[in-house]
>>> print(open('coords-v5.cif').read())   # mmCIF, C-alpha atoms
data_upload
#
loop_
_atom_site.label_atom_id
_atom_site.label_comp_id
_atom_site.auth_asym_id
_atom_site.auth_seq_id
_atom_site.Cartn_x
_atom_site.Cartn_y
_atom_site.Cartn_z
CA MET A 1 -166.75 -4.04 107.05
CA TYR A 2 -165.13 -4.51 110.44
CA THR A 3 -165.65 -1.21 112.25
CA PRO A 4 -164.65 -1.16 115.91
CA ALA A 5 -166.35 1.74 117.67
CA HIS A 6 -163.19 3.88 117.87
CA PHE A 7 -162.75 3.74 114.09
CA GLU A 8 -166.37 3.95 112.96
CA GLU A 9 -166.92 7.21 111.07
CA THR A 10 -170.30 8.61 112.00
CA CYS A 11 -169.78 12.30 111.15
CA PRO A 12 -171.89 13.11 108.05
CA ASP A 13 -169.56 15.98 107.07
CA LYS A 14 -166.49 13.75 107.19
CA ILE A 15 -168.25 11.02 105.19
CA ALA A 16 -169.35 13.59 102.59
CA ALA A 17 -165.82 15.04 102.46
CA LEU A 18 -164.32 11.63 101.79
CA ILE A 19 -166.71 10.93 98.90
CA GLU A 20 -166.04 14.46 97.61
CA SER A 21 -162.28 13.87 97.66
CA ALA A 22 -162.45 10.34 96.19
CA PRO A 23 -165.42 10.32 93.77
CA LEU A 24 -164.17 7.39 91.67
CA GLY A 25 -166.36 4.78 93.34
CA CYS A 26 -165.89 1.05 92.99
CA ILE A 27 -169.27 -0.54 92.23
CA VAL A 28 -169.36 -4.18 93.28
CA ALA A 29 -172.12 -6.66 92.53
CA GLN A 30 -172.79 -10.35 92.77
CA THR A 31 -173.86 -11.69 89.35
CA GLU A 32 -174.39 -15.00 87.64
CA GLN A 33 -170.74 -14.67 86.54
CA GLY A 34 -169.60 -14.20 90.14
CA LEU A 35 -168.41 -10.99 91.74
CA ILE A 36 -167.78 -8.05 89.42
CA ALA A 37 -166.41 -4.60 90.17
CA ASN A 38 -166.05 -1.42 88.12
CA HIS A 39 -164.53 1.93 89.09
CA ILE A 40 -166.83 4.73 87.92
CA PRO A 41 -166.93 8.46 88.77
CA LEU A 42 -170.05 9.16 90.81
CA PHE A 43 -172.07 12.23 91.63
CA ILE A 44 -173.86 12.22 94.97
CA SER A 45 -177.21 13.99 94.90
CA ARG A 46 -178.88 15.22 98.13
CA GLU A 47 -177.12 12.46 100.15
CA THR A 48 -179.70 10.00 98.86
CA THR A 49 -178.64 9.03 95.35
CA LEU A 50 -175.46 8.21 93.45
CA ILE A 51 -175.60 9.14 89.77
CA GLY A 52 -173.24 8.01 87.02
CA HIS A 53 -172.90 6.51 83.58
CA LEU A 54 -170.97 3.66 82.05
CA ALA A 55 -170.08 2.45 78.59
CA LEU A 56 -172.84 0.59 76.78
CA ALA A 57 -170.11 -1.98 76.07
CA ASN A 58 -169.63 -2.51 79.82
CA ASP A 59 -171.52 -5.72 80.64
CA MET A 60 -172.27 -4.44 84.13
CA HIS A 61 -175.69 -3.17 83.08
CA ARG A 62 -176.53 -6.54 81.52
CA LEU A 63 -175.21 -8.65 84.40
CA ILE A 64 -176.92 -6.69 87.16
CA ASP A 65 -180.68 -6.87 87.46
CA GLY A 66 -182.54 -3.57 87.65
CA GLY A 67 -183.18 -2.78 91.31
CA GLN A 68 -180.43 -5.12 92.54
CA GLU A 69 -178.38 -4.12 95.59
CA VAL A 70 -174.80 -3.10 94.88
CA LEU A 71 -171.95 -2.05 97.16
CA VAL A 72 -170.07 1.13 96.29
CA ILE A 73 -166.66 1.64 97.87
CA PHE A 74 -165.05 5.08 98.13
CA LYS A 75 -161.46 4.87 99.33
CA GLY A 76 -159.38 7.75 100.60
CA GLU A 77 -155.68 7.87 101.42
CA ASP A 78 -153.87 5.02 103.10
CA ALA A 79 -150.44 4.49 104.63
CA TYR A 80 -148.41 1.98 106.61
CA VAL A 81 -147.83 3.07 110.21
CA SER A 82 -144.59 1.91 111.82
CA PRO A 83 -144.28 1.51 115.62
CA ASN A 84 -141.14 3.66 115.18
CA PHE A 85 -143.47 6.64 114.66
CA TYR A 86 -144.71 6.50 118.27
CA PRO A 87 -142.66 8.66 120.68
CA THR A 88 -144.04 6.61 123.58
CA LYS A 89 -142.16 3.61 122.22
CA GLN A 90 -139.15 4.80 124.23
CA GLU A 91 -140.90 4.23 127.55
CA ASN A 92 -143.43 1.59 126.44
CA PRO A 93 -142.50 -0.93 123.75
CA ARG A 94 -146.02 -2.42 123.58
CA HIS A 95 -146.80 -1.36 120.01
CA ALA A 96 -147.45 -3.15 116.71
CA PRO A 97 -147.49 -2.02 113.07
CA THR A 98 -150.79 -1.01 111.53
CA TRP A 99 -152.27 0.59 108.44
CA ASN A 100 -154.25 3.82 108.36
CA TYR A 101 -156.99 4.48 105.81
CA GLN A 102 -160.42 5.97 105.26
CA VAL A 103 -163.20 4.24 103.41
CA VAL A 104 -166.95 4.68 102.87
CA HIS A 105 -169.19 1.75 101.91
CA VAL A 106 -172.51 2.71 100.36
CA TYR A 107 -175.21 0.12 99.76
CA GLY A 108 -178.10 0.81 97.44
CA ASN A 109 -180.32 -0.44 94.66
CA ILE A 110 -179.19 0.37 91.15
CA THR A 111 -181.37 1.13 88.14
CA PHE A 112 -180.11 1.73 84.62
CA GLN A 113 -181.50 4.39 82.32
CA HIS A 114 -181.30 4.46 78.55
CA THR A 115 -183.13 7.69 77.83
CA ARG A 116 -181.25 10.58 76.27
CA ARG A 117 -182.53 12.84 79.04
CA ALA A 118 -181.14 10.64 81.85
CA LYS A 119 -177.82 10.23 80.07
CA LEU A 120 -177.46 13.97 79.44
CA ALA A 121 -178.29 14.66 83.09
CA ALA A 122 -175.63 12.23 84.37
CA VAL A 123 -172.95 13.53 81.99
CA GLY A 124 -173.90 17.14 82.71
CA LEU A 125 -173.79 16.79 86.50
CA LEU A 126 -170.38 15.11 86.49
CA THR A 127 -168.85 17.37 83.85
CA ARG A 128 -170.01 20.61 85.46
CA LYS A 129 -168.81 19.55 88.88
CA HIS A 130 -165.32 18.47 87.86
CA GLU A 131 -164.76 21.18 85.25
CA ARG A 132 -165.73 23.94 87.67
CA GLN A 133 -163.45 22.48 90.33
CA LEU A 134 -160.54 22.12 87.94
CA ASN A 135 -160.90 24.94 85.44
CA GLY A 136 -163.21 27.50 87.06
CA VAL A 137 -164.28 30.09 84.51
CA ASN A 138 -162.37 28.17 81.84
CA ALA A 139 -164.49 25.08 82.41
CA TRP A 140 -164.86 22.86 79.36
CA LYS A 141 -168.51 22.53 78.33
CA MET A 142 -170.26 19.90 76.26
CA SER A 143 -171.11 22.67 73.80
CA ASP A 144 -167.36 23.00 73.11
CA ALA A 145 -167.69 19.71 71.19
CA PRO A 146 -169.79 19.37 67.99
CA ALA A 147 -173.38 18.20 68.44
CA ASP A 148 -172.92 15.09 66.27
CA TYR A 149 -169.93 14.04 68.40
CA ASN A 150 -171.93 14.48 71.63
CA ASP A 151 -174.76 12.44 70.11
CA GLN A 152 -172.32 9.65 69.25
CA MET A 153 -170.89 9.66 72.77
CA LEU A 154 -174.33 9.66 74.40
CA ALA A 155 -175.37 6.72 72.21
CA ARG A 156 -172.48 4.71 73.64
CA ILE A 157 -173.35 5.09 77.34
CA VAL A 158 -175.95 4.02 79.89
CA ALA A 159 -176.93 6.19 82.86
CA PHE A 160 -177.69 4.79 86.27
CA ARG A 161 -178.92 5.81 89.72
CA ILE A 162 -178.18 4.08 93.00
CA GLU A 163 -180.75 4.85 95.73
CA ILE A 164 -178.73 4.77 98.94
CA SER A 165 -180.08 2.44 101.62
CA ARG A 166 -177.13 2.18 104.01
CA VAL A 167 -173.75 3.81 104.62
CA ILE A 168 -170.90 2.41 106.74
CA ALA A 169 -167.70 4.42 107.04
CA LYS A 170 -164.37 3.95 108.75
CA SER A 171 -161.67 6.46 109.59
CA LYS A 172 -158.70 4.45 110.80
CA LEU A 173 -156.38 7.37 111.49
CA SER A 174 -154.62 6.59 114.81
CA GLN A 175 -157.31 8.63 116.59
CA ASN A 176 -157.33 5.93 119.30
CA ARG A 177 -153.74 6.87 120.20
CA GLU A 178 -152.62 9.39 122.76
CA ALA A 179 -151.85 12.85 121.38
CA ARG A 180 -148.04 12.45 121.37
CA ASP A 181 -148.26 9.32 119.25
CA TYR A 182 -150.87 10.86 116.94
CA VAL A 183 -148.53 13.76 116.21
CA GLY A 184 -145.67 11.28 115.91
CA VAL A 185 -147.51 9.39 113.17
CA ILE A 186 -148.16 12.62 111.25
CA ASP A 187 -144.48 13.58 111.55
CA GLY A 188 -143.33 10.08 110.59
CA LEU A 189 -145.54 10.03 107.51
CA ARG A 190 -144.32 13.47 106.42
CA ALA A 191 -140.69 12.43 106.91
CA ASN A 192 -141.38 9.59 104.47
CA GLY A 193 -143.15 11.66 101.83
CA GLN A 194 -146.65 10.47 102.78
CA ASN A 195 -147.98 14.01 102.94
CA ALA A 196 -151.47 13.23 101.67
CA MET A 197 -152.22 10.93 104.61
CA ALA A 198 -150.40 13.24 107.05
CA ASP A 199 -152.58 16.14 105.88
CA LYS A 200 -155.76 14.06 106.31
CA MET A 201 -154.74 13.16 109.86
CA ALA A 202 -153.85 16.76 110.71
CA ASP A 203 -157.21 17.96 109.37
CA TYR A 204 -159.13 15.17 111.06
CA VAL A 205 -158.61 16.37 114.64
CA SER A 206 -158.47 20.11 113.94
CA MET B 207 -164.49 -5.34 84.98
CA TYR B 208 -164.98 -3.61 81.65
CA THR B 209 -161.58 -3.78 79.96
CA PRO B 210 -161.49 -2.61 76.34
CA ALA B 211 -158.37 -4.00 74.65
CA HIS B 212 -156.51 -0.67 74.64
CA PHE B 213 -156.83 -0.39 78.44
CA GLU B 214 -156.34 -4.02 79.45
CA GLU B 215 -153.13 -4.35 81.43
CA THR B 216 -151.39 -7.57 80.43
CA CYS B 217 -147.80 -6.76 81.45
CA PRO B 218 -146.92 -8.90 84.50
CA ASP B 219 -144.30 -6.39 85.68
CA LYS B 220 -146.80 -3.51 85.58
CA ILE B 221 -149.43 -5.59 87.42
CA ALA B 222 -146.85 -6.56 90.05
CA ALA B 223 -145.73 -2.92 90.37
CA LEU B 224 -149.30 -1.75 90.96
CA ILE B 225 -149.88 -4.31 93.74
CA GLU B 226 -146.47 -3.38 95.19
CA SER B 227 -147.40 0.32 95.25
CA ALA B 228 -150.95 -0.22 96.57
CA PRO B 229 -150.80 -3.27 98.88
CA LEU B 230 -153.91 -2.36 100.90
CA GLY B 231 -156.23 -4.71 99.05
CA CYS B 232 -160.00 -4.57 99.28
CA ILE B 233 -161.31 -8.11 99.85
CA VAL B 234 -164.89 -8.46 98.65
CA ALA B 235 -167.15 -11.46 99.19
CA GLN B 236 -170.77 -12.44 98.79
CA THR B 237 -172.13 -13.76 102.09
CA GLU B 238 -175.44 -14.63 103.65
CA GLN B 239 -175.45 -11.02 104.91
CA GLY B 240 -174.97 -9.71 101.36
CA LEU B 241 -171.82 -8.16 99.93
CA ILE B 242 -169.03 -7.38 102.39
CA ALA B 243 -165.68 -5.67 101.84
CA ASN B 244 -162.63 -5.13 104.03
CA HIS B 245 -159.39 -3.30 103.26
CA ILE B 246 -156.45 -5.38 104.44
CA PRO B 247 -152.69 -5.12 103.75
CA LEU B 248 -151.66 -8.09 101.62
CA PHE B 249 -148.38 -9.81 100.85
CA ILE B 250 -148.11 -11.47 97.44
CA SER B 251 -146.06 -14.65 97.45
CA ARG B 252 -144.58 -16.07 94.22
CA GLU B 253 -147.40 -14.47 92.17
CA THR B 254 -149.66 -17.33 93.27
CA THR B 255 -150.86 -16.48 96.77
CA LEU B 256 -152.03 -13.45 98.75
CA ILE B 257 -151.22 -13.66 102.46
CA GLY B 258 -152.65 -11.51 105.23
CA HIS B 259 -154.30 -11.44 108.62
CA LEU B 260 -157.36 -9.85 110.11
CA ALA B 261 -158.77 -9.19 113.55
CA LEU B 262 -160.44 -12.17 115.19
CA ALA B 263 -163.26 -9.69 115.90
CA ASN B 264 -163.70 -9.13 112.14
CA ASP B 265 -166.69 -11.25 111.13
CA MET B 266 -165.24 -11.76 107.65
CA HIS B 267 -163.70 -15.09 108.64
CA ARG B 268 -167.02 -16.28 110.05
CA LEU B 269 -169.15 -15.01 107.11
CA ILE B 270 -166.95 -16.45 104.36
CA ASP B 271 -166.79 -20.20 103.92
CA GLY B 272 -163.35 -21.77 103.80
CA GLY B 273 -162.37 -22.19 100.15
CA GLN B 274 -164.88 -19.59 98.94
CA GLU B 275 -163.96 -17.35 96.01
CA VAL B 276 -163.29 -13.72 96.88
CA LEU B 277 -162.40 -10.71 94.76
CA VAL B 278 -159.44 -8.60 95.83
CA ILE B 279 -159.17 -5.09 94.40
CA PHE B 280 -155.88 -3.18 94.33
CA LYS B 281 -156.36 0.43 93.26
CA GLY B 282 -153.62 2.79 92.17
CA GLU B 283 -153.81 6.51 91.50
CA ASP B 284 -156.75 8.13 89.76
CA ALA B 285 -157.53 11.56 88.34
CA TYR B 286 -160.13 13.45 86.33
CA VAL B 287 -158.97 14.27 82.80
CA SER B 288 -160.35 17.45 81.26
CA PRO B 289 -160.63 17.87 77.48
CA ASN B 290 -158.79 21.15 78.11
CA PHE B 291 -155.64 19.08 78.66
CA TYR B 292 -155.53 17.98 75.01
CA PRO B 293 -153.47 20.31 72.76
CA THR B 294 -155.28 18.85 69.72
CA LYS B 295 -158.50 20.41 71.03
CA GLN B 296 -157.50 23.60 69.20
CA GLU B 297 -157.79 21.93 65.79
CA ASN B 298 -160.23 19.14 66.70
CA PRO B 299 -162.91 19.74 69.32
CA ARG B 300 -164.11 16.10 69.31
CA HIS B 301 -163.11 15.27 72.88
CA ALA B 302 -164.96 14.34 76.07
CA PRO B 303 -163.95 14.27 79.75
CA THR B 304 -162.73 11.00 81.22
CA TRP B 305 -161.12 9.55 84.32
CA ASN B 306 -157.72 7.87 84.46
CA TYR B 307 -156.92 5.09 86.92
CA GLN B 308 -155.14 1.79 87.41
CA VAL B 309 -156.68 -1.21 89.09
CA VAL B 310 -155.94 -4.91 89.52
CA HIS B 311 -158.68 -7.44 90.28
CA VAL B 312 -157.49 -10.72 91.73
CA TYR B 313 -159.87 -13.66 92.13
CA GLY B 314 -159.00 -16.58 94.37
CA ASN B 315 -160.15 -18.99 97.01
CA ILE B 316 -159.58 -17.94 100.61
CA THR B 317 -158.74 -20.17 103.55
CA PHE B 318 -158.38 -19.00 107.14
CA GLN B 319 -155.69 -20.25 109.48
CA HIS B 320 -155.79 -20.18 113.26
CA THR B 321 -152.42 -21.77 114.05
CA ARG B 322 -149.78 -19.70 115.78
CA ARG B 323 -147.32 -20.67 113.06
CA ALA B 324 -149.52 -19.36 110.23
CA LYS B 325 -150.29 -16.15 112.12
CA LEU B 326 -146.62 -15.50 112.90
CA ALA B 327 -145.73 -16.13 109.25
CA ALA B 328 -148.33 -13.62 107.98
CA VAL B 329 -147.37 -10.95 110.49
CA GLY B 330 -143.67 -11.55 109.89
CA LEU B 331 -143.88 -11.33 106.09
CA LEU B 332 -145.85 -8.07 106.16
CA THR B 333 -143.83 -6.46 108.94
CA ARG B 334 -140.44 -7.27 107.43
CA LYS B 335 -141.48 -6.03 104.00
CA HIS B 336 -142.89 -2.70 105.11
CA GLU B 337 -140.34 -2.02 107.84
CA ARG B 338 -137.42 -2.64 105.49
CA GLN B 339 -138.98 -0.39 102.85
CA LEU B 340 -139.67 2.39 105.33
CA ASN B 341 -136.93 2.16 107.91
CA GLY B 342 -134.13 0.13 106.31
CA VAL B 343 -131.54 -0.79 108.94
CA ASN B 344 -133.72 0.84 111.61
CA ALA B 345 -136.60 -1.52 110.82
CA TRP B 346 -138.87 -2.21 113.80
CA LYS B 347 -138.91 -5.90 114.66
CA MET B 348 -141.45 -7.96 116.55
CA SER B 349 -138.70 -8.65 119.08
CA ASP B 350 -138.74 -4.92 119.93
CA ALA B 351 -142.05 -5.61 121.70
CA PRO B 352 -142.32 -7.85 124.79
CA ALA B 353 -143.15 -11.51 124.18
CA ASP B 354 -146.36 -11.41 126.24
CA TYR B 355 -147.60 -8.43 124.18
CA ASN B 356 -146.87 -10.25 120.91
CA ASP B 357 -148.71 -13.31 122.24
CA GLN B 358 -151.73 -11.15 123.09
CA MET B 359 -151.72 -9.60 119.62
CA LEU B 360 -151.36 -12.97 117.87
CA ALA B 361 -154.26 -14.34 119.91
CA ARG B 362 -156.48 -11.58 118.50
CA ILE B 363 -155.90 -12.27 114.79
CA VAL B 364 -156.64 -14.85 112.11
CA ALA B 365 -154.28 -15.52 109.20
CA PHE B 366 -155.48 -16.25 105.70
CA ARG B 367 -154.23 -17.25 102.26
CA ILE B 368 -155.90 -16.55 98.94
CA GLU B 369 -154.82 -18.92 96.16
CA ILE B 370 -154.95 -16.79 93.01
CA SER B 371 -157.06 -18.24 90.20
CA ARG B 372 -157.48 -15.23 87.90
CA VAL B 373 -156.13 -11.70 87.48
CA ILE B 374 -157.71 -8.90 85.42
CA ALA B 375 -155.99 -5.53 85.31
CA LYS B 376 -156.69 -2.18 83.71
CA SER B 377 -154.39 0.76 83.07
CA LYS B 378 -156.60 3.59 81.88
CA LEU B 379 -153.89 6.17 81.39
CA SER B 380 -154.69 7.99 78.13
CA GLN B 381 -152.35 5.55 76.33
CA ASN B 382 -154.93 5.40 73.50
CA ARG B 383 -154.30 9.09 72.78
CA GLU B 384 -151.79 10.53 70.35
CA ALA B 385 -148.46 11.54 71.89
CA ARG B 386 -149.20 15.29 72.02
CA ASP B 387 -152.37 14.72 74.01
CA TYR B 388 -150.70 12.16 76.28
CA VAL B 389 -148.05 14.73 77.21
CA GLY B 390 -150.79 17.35 77.50
CA VAL B 391 -152.59 15.25 80.11
CA ILE B 392 -149.39 14.79 82.14
CA ASP B 393 -148.76 18.56 81.99
CA GLY B 394 -152.37 19.36 82.87
CA LEU B 395 -152.33 17.04 85.86
CA ARG B 396 -149.06 18.51 87.12
CA ALA B 397 -150.40 22.06 86.71
CA ASN B 398 -153.25 21.02 89.01
CA GLY B 399 -151.13 19.33 91.66
CA GLN B 400 -151.97 15.79 90.56
CA ASN B 401 -148.33 14.77 90.49
CA ALA B 402 -148.84 11.18 91.61
CA MET B 403 -150.95 10.34 88.56
CA ALA B 404 -148.73 12.47 86.27
CA ASP B 405 -145.69 10.49 87.48
CA LYS B 406 -147.46 7.16 86.85
CA MET B 407 -148.32 8.23 83.32
CA ALA B 408 -144.78 9.48 82.64
CA ASP B 409 -143.35 6.18 83.91
CA TYR B 410 -145.89 4.08 82.03
CA VAL B 411 -144.61 4.84 78.54
CA SER B 412 -140.92 5.28 79.38
#
>>> encode(input="coords-v5.cif", output="structure tokens")
Amino acid sequence: MYTPAHFEETCPDKIAALIESAPLGCIVAQTEQGLIANHIPLFISRETTLIGHLALANDMHRLIDGGQEVLVIFKGEDAYVSPNFYPTKQENPRHAPTWNYQVVHVYGNITFQHTRRAKLAAVGLLTRKHERQLNGVNAWKMSDAPADYNDQMLARIVAFRIEISRVIAKSKLSQNREARDYVGVIDGLRANGQNAMADKMADYVS
Amino acid sequence: MYTPAHFEETCPDKIAALIESAPLGCIVAQTEQGLIANHIPLFISRETTLIGHLALANDMHRLIDGGQEVLVIFKGEDAYVSPNFYPTKQENPRHAPTWNYQVVHVYGNITFQHTRRAKLAAVGLLTRKHERQLNGVNAWKMSDAPADYNDQMLARIVAFRIEISRVIAKSKLSQNREARDYVGVIDGLRANGQNAMADKMADYVS
């Protein structure tokens, strides 16, 4: 990924926050059938491992060799940035359009796991995390479904772990602009209903 | 990409709408340095070609051979779907959590272009499209910036075209669920502030 110094994201908290807010990772791999990609919800464990599961019917686990390096892409908000957003345009017309976005690229070696224990662990980690976030004390639990149904579902999945070897992240959020223009971009995005990106930018410098 | 029949998106209008709503494509390639990915705004021309430009400083155009196949990923909204969203859970507890999302994978051969004409064309197509959408009659135009500035900017980019050879798309939007549960998911997402995905699902079946 092209990461000029002023856009390289090196803050571990901001990288963790982006993965937290966009946990549907895109797992990319080179295979004998060419490039393949699959979006899969991922749980990050101790900043060292990504844990997930996929359908047994998903050929990904047959096309990728155990231990092979994969690239996992986590993408946050994005938005077009018009030169009209910059207040300094009035005195200095030297501006061009751009696009703001945040992305984290994680490289690591993937291994697939077919044991019931590994599959239960992956499902349990993801379910607990998202149910607690969404439903709090009313969190759905696996035990809300009948045991034979859970067994059927577990029989149809494969668990996996990706041991993280390298992380590259980019926050392209107009942070290279002077303060007036930075605020102008936030205001311009809000005026056009792009509140999610405007909120990210407002949080980023606060 | 794993695309069970009930989630495979085959409707050309829906595929075009997803690319239109999420034009920041992720271009992935296998190179001698391993897998690389770059998010770049893309213009789709006549459903056959993706057009864009990147910084001359972005090694992508040096790492990828001319004519090489790349994978371009366009990702729409996504959201966690709790079994609690399904009204039928009351009478039938056989449900599991899932994740809804829409994604388009485009495969094609990329060629890079260093001529001023090709670079101006790429910049012009993208700028006109996004400025008209955002600012209408107040669209920013390249001629709003001084000619020497535009020349400097053009000197720092490379244009490219990706000739599309294959498209695979997936709309995983609970459309395999019975109508009560489909509406339940939309309501559940809205109740949790996930309006963007709720709107996509409401539009999808209308």
>>> atom_distance(input="coords-v5.cif", atom1="atom CA of B:Thr317", atom2="atom CA of A:Arg166")
28.9 Å
>>> interface_residues(input="coords-v5.cif", of="chain A", to="chain B", cutoff="8 Å", atoms="all atoms listed in the file", output="VMD selection string")
chain A and resid 1 to 2 24 29 to 30 35 to 38 41 57 to 60 70 to 71 78 80 82 to 84 93 to 97 99 127 130 to 131 134 140 142 144 to 146 149 192
>>> atom_distance(input="coords-v5.cif", atom1="atom CA of B:Gln274", atom2="atom CA of B:Ile368")
9.5 Å
>>> resolve_selection(input="coords-v5.cif", expression="the PyMOL selection byres ((chain A and resi 180) around 8)", output="PDB file with C-alpha atoms, in the coordinates of the input")
ATOM      1  CA  TYR A  86    -144.710   6.500 118.270  1.00  0.00           C
ATOM      2  CA  PRO A  87    -142.660   8.660 120.680  1.00  0.00           C
ATOM      3  CA  THR A  88    -144.040   6.610 123.580  1.00  0.00           C
ATOM      4  CA  GLU A 178    -152.620   9.390 122.760  1.00  0.00           C
ATOM      5  CA  ALA A 179    -151.850  12.850 121.380  1.00  0.00           C
ATOM      6  CA  ASP A 181    -148.260   9.320 119.250  1.00  0.00           C
ATOM      7  CA  TYR A 182    -150.870  10.860 116.940  1.00  0.00           C
ATOM      8  CA  VAL A 183    -148.530  13.760 116.210  1.00  0.00           C
ATOM      9  CA  GLY A 184    -145.670  11.280 115.910  1.00  0.00           C
TER      10      GLY A 184
END
>>> closest_residue(input="coords-v5.cif", among="B:Arg383, B:Lys406, B:Lys376, B:His320", to="B:Phe280", atoms="all atoms listed in the file")
B:Lys376
>>> resolve_selection(input="coords-v5.cif", expression="the PyMOL selection byres ((chain B and resi 220-222) around 10)", output="JSON, numbers by chain")
{"B": [215, 216, 217, 218, 219, 223, 224, 225, 226, 227, 228, 250, 253, 280, 308, 309, 310, 311, 373, 374, 375, 376, 377, 410]}
>>> atom_distance(input="coords-v5.cif", atom1="atom CA of B:Lys325", atom2="atom CA of B:Ser251")
15.3 Å
>>> residues_around(input="coords-v5.cif", residues="A:Thr49", least_positions_apart="4", cutoff="10 Å", atoms="all atoms listed in the file", output="ChimeraX atom specification")
/A:42-45,108-110,161-165
>>> closest_residue(input="coords-v5.cif", among="A:Gln175, A:Gln133, A:Asn195, A:Thr115", to="A:Arg156", atoms="all atoms listed in the file")
A:Thr115
>>> decode(input="coords-v5.cif", residues="stretch 309-360 of chain B", atoms="C-alpha atoms", output="tab-separated table (two decimals), in the first residue's frame")
chain	number	residue	atom	x	y	z
B	309	VAL	CA	-19.46	-6.85	-2.47
B	310	VAL	CA	-18.44	-6.87	-6.13
B	311	HIS	CA	-15.22	-8.53	-7.30
B	312	VAL	CA	-13.97	-7.41	-10.70
B	313	TYR	CA	-11.10	-9.20	-12.41
B	314	GLY	CA	-9.26	-7.61	-15.30
B	315	ASN	CA	-5.94	-6.83	-16.90
B	316	ILE	CA	-4.36	-3.52	-15.95
B	317	THR	CA	-2.27	-1.26	-18.15
B	318	PHE	CA	-0.59	1.94	-17.02
B	319	GLN	CA	-0.48	5.10	-19.09
B	320	HIS	CA	2.01	7.92	-18.77
B	321	THR	CA	0.77	10.24	-21.52
B	322	ARG	CA	-0.62	13.62	-20.57
B	323	ARG	CA	-3.73	12.85	-22.60
B	324	ALA	CA	-4.51	9.64	-20.69
B	325	LYS	CA	-3.85	11.30	-17.33
B	326	LEU	CA	-6.06	14.29	-18.16
B	327	ALA	CA	-8.82	11.92	-19.30
B	328	ALA	CA	-8.72	9.91	-16.05
B	329	VAL	CA	-8.66	12.99	-13.84
B	330	GLY	CA	-11.37	14.67	-15.89
B	331	LEU	CA	-13.76	11.70	-15.83
B	332	LEU	CA	-13.47	11.26	-12.06
B	333	THR	CA	-13.59	14.96	-11.22
B	334	ARG	CA	-16.61	15.72	-13.41
B	335	LYS	CA	-18.54	12.74	-12.06
B	336	HIS	CA	-17.99	13.45	-8.38
B	337	GLU	CA	-18.19	17.23	-8.61
B	338	ARG	CA	-21.50	17.10	-10.48
B	339	GLN	CA	-22.90	14.63	-7.96
B	340	LEU	CA	-21.76	16.69	-5.00
B	341	ASN	CA	-21.89	20.29	-6.14
B	342	GLY	CA	-24.15	20.34	-9.21
B	343	VAL	CA	-23.90	23.73	-10.93
B	344	ASN	CA	-21.24	24.78	-8.41
B	345	ALA	CA	-18.98	21.90	-9.47
B	346	TRP	CA	-15.27	22.62	-9.03
B	347	LYS	CA	-13.44	22.44	-12.33
B	348	MET	CA	-9.78	21.87	-13.10
B	349	SER	CA	-9.78	25.33	-14.68
B	350	ASP	CA	-10.47	26.76	-11.20
B	351	ALA	CA	-6.83	25.93	-10.40
B	352	PRO	CA	-3.88	27.61	-12.17
B	353	ALA	CA	-2.48	25.85	-15.22
B	354	ASP	CA	1.01	25.47	-13.73
B	355	TYR	CA	-0.48	23.80	-10.63
B	356	ASN	CA	-2.48	21.36	-12.79
B	357	ASP	CA	0.67	20.58	-14.77
B	358	GLN	CA	2.55	19.84	-11.55
B	359	MET	CA	-0.23	17.56	-10.33
B	360	LEU	CA	-0.46	15.71	-13.66
